[in-house]
Amino acid sequence: MRIITINEIIKLQHNWKLVTSLLLVFVLATWKFGVVAMLLLVFVCLSFLSLFAAILKSNIIALGLIFTTAFTRVIFHLVGLPRAVPTLFTEFCVLLLLVKALYLQLIVYNKPLRAVGFLPMVGVLAVATLSYIYNQSEILPAIFFVRQIFTFYLFFIALLNLNLSEKTILKINRFIIFLFLIQLPAALIKVITIGQDERWIGTVSWQAAQLSTMLPLFAISFLFAFYFFKRDKKYLLLVAGSFLFGIAGQKKSLALLIPVVSGVVWYLYGKRAIPKKRLRLRVSQMKYLFIICVISYLGIFSASRILKSEMYGGHLDVKRLIDYIIWYNTRDQIALYGADNPDHSMGRVTITILSLNRLKESGLIQQLIGFGPGAMILSPHLGRKEMAFEQFGLRGAIPGFVMFVLQVGFLGVMFWIYFFLKLFKKAYTTYQKSYNPNFKAVVLGFMGATFTFILDFFIYGTSTMFLGILTPVYFHVAAIVFRGDSQNFKISSLS
């Protein structure tokens, strides 16, 4: 017969007291808040504990959850969940992944922290802090601004410091490709059920109409890069599918932006082995240029025929097309018809000019650091539905540059753009030094995606900066590009 020692008796007594105390707290809380509320709390706690355990155990699960949440926002909308649910869930996953990465890198492996673009991001944070103090901004909107800017940079840091295996990268890349591919049938279902509409953008969003332009452009950056290196016509078919995805969202601008993005990718492809020399046009390169020109013409022609717009009239009229573009981006319906109708809006050029004029009138300090982080943040949780109009008189599709410069000024914009240019420059150096054509195709697509982000920031919108859908994919590819293993990179990882 086993004799219980004194130490074990003391241990049992302490455990008994702990269990009794917790049970008493639970009973009192149940009496105070009700059985349903307490059971819900227990369920939430157990769910988060399970999520924490899963992320600590598997990088594949962690990354899979982040990308799934990013690309299934429509499902959250259809089941009636608020937009904050996928956002908070994603941020929680990113935070846990970052804690895991830092613990392994700094404590377990005792290695230095890996980071790219750290100084410009510190610059953005410093300017935002200074602007917050100077403008005496509200704390919650400022926190919202910082969350939007830094969440996926922290995700990038986590990926750089995680020792991701080739198997993990392969599985995640295939899953990301699958998430992009299902956007095509989702767009087709939308057209069949509700027709061409700016709502319901694939599976990624219900109302972020800008994604109907930026998601195809992001994909096309990689599709052209792989086509140039692999010369497989399936990539051109996917380019056509991406264009039709944008047409389903009634995005006229896509037909005009595809030639710009594809032209940049083509130019960079020609620089793959000619460092610090001018681009020389060869026969093979002219063939690609001809393909881009044909696709561009077909895109503009299809847009003029398919899109339901009186400005096009169903015919390819270049002059009318140009006139419409100028009118659409310089219109000011609020000045003409008043602000009572929420459908009255401004063009992007008009919004940018008015924003710059507002900064000019406000003095040098405001020009440098803006009106405070959070000054343009829209959130029903903050009671802000038309903050841009109420504070600055702006209504319409607001470019990312305007969102940024009004909140953190030209200093903030300078650091933000410097961050992306730093990534581009580092990728370009890697691109020309690598001898692996498979890896070069990935880096070429990444540089095209970086250009797309900058283009969106200055002339189009905020979907690449704030929505958290394309951004995690962008930083995932960035981590692959900068992990320093180009020679062993396999084409199956991203194709």
# chains A, B, ... in the order shown; residues from 1 in each chain; ligands from 1
>>> residues_around(residues="segment 73-79 of chain A", least_positions_apart="5", cutoff="7 Å", atoms="only C-alpha atoms", output="list in words")
Trp200, Thr203, Val204, Ser205 and Trp206 of chain A
>>> write_last_selection(atoms="C-alpha atoms", output="tab-separated table (two decimals), in the first residue's frame")
chain	number	residue	atom	x	y	z
A	200	TRP	CA	-19.73	41.42	-53.51
A	203	THR	CA	-15.13	36.12	-51.56
A	204	VAL	CA	-12.94	38.90	-50.15
A	205	SER	CA	-15.37	41.72	-49.40
A	206	TRP	CA	-18.99	42.78	-49.70
>>> residues_around(residues="segment 97-114 of chain A", least_positions_apart="3", cutoff="10 Å", atoms="only C-alpha atoms", output="JSON, numbers by chain")
{"A": [52, 55, 56, 57, 58, 59, 62, 63, 91, 92, 93, 94, 118, 154, 155, 156, 157, 158, 159, 160, 161, 162, 163, 483]}
>>> closest_residue(among="A:Met465, A:Phe89, A:Phe229, A:Gln391", to="Asn436 of chain A", atoms="only C-alpha atoms")
A:Phe229
>>> residues_around(residues="segment 401-405 of chain A", least_positions_apart="5", cutoff="7 Å", atoms="only C-alpha atoms", output="list in words")
Thr352, Ser355, Gly370, Met376, Phe410, Gly412, Val413, Phe457 and Phe458 of chain A
>>> write_last_selection(atoms="C-alpha atoms", output="PDB file, in the first residue's frame")
ATOM      1  CA  THR A 352      -6.306  65.516 -53.637  1.00  0.00           C
ATOM      2  CA  SER A 355      -6.570  68.228 -49.307  1.00  0.00           C
ATOM      3  CA  GLY A 370      -0.864  66.421 -40.424  1.00  0.00           C
ATOM      4  CA  MET A 376      -9.653  60.265 -41.192  1.00  0.00           C
ATOM      5  CA  PHE A 410       4.291  64.926 -45.621  1.00  0.00           C
ATOM      6  CA  GLY A 412       4.628  60.502 -42.585  1.00  0.00           C
ATOM      7  CA  VAL A 413       4.132  60.060 -46.341  1.00  0.00           C
ATOM      8  CA  PHE A 457      -1.538  54.814 -52.724  1.00  0.00           C
ATOM      9  CA  PHE A 458      -1.058  57.871 -54.920  1.00  0.00           C
TER      10      PHE A 458
END
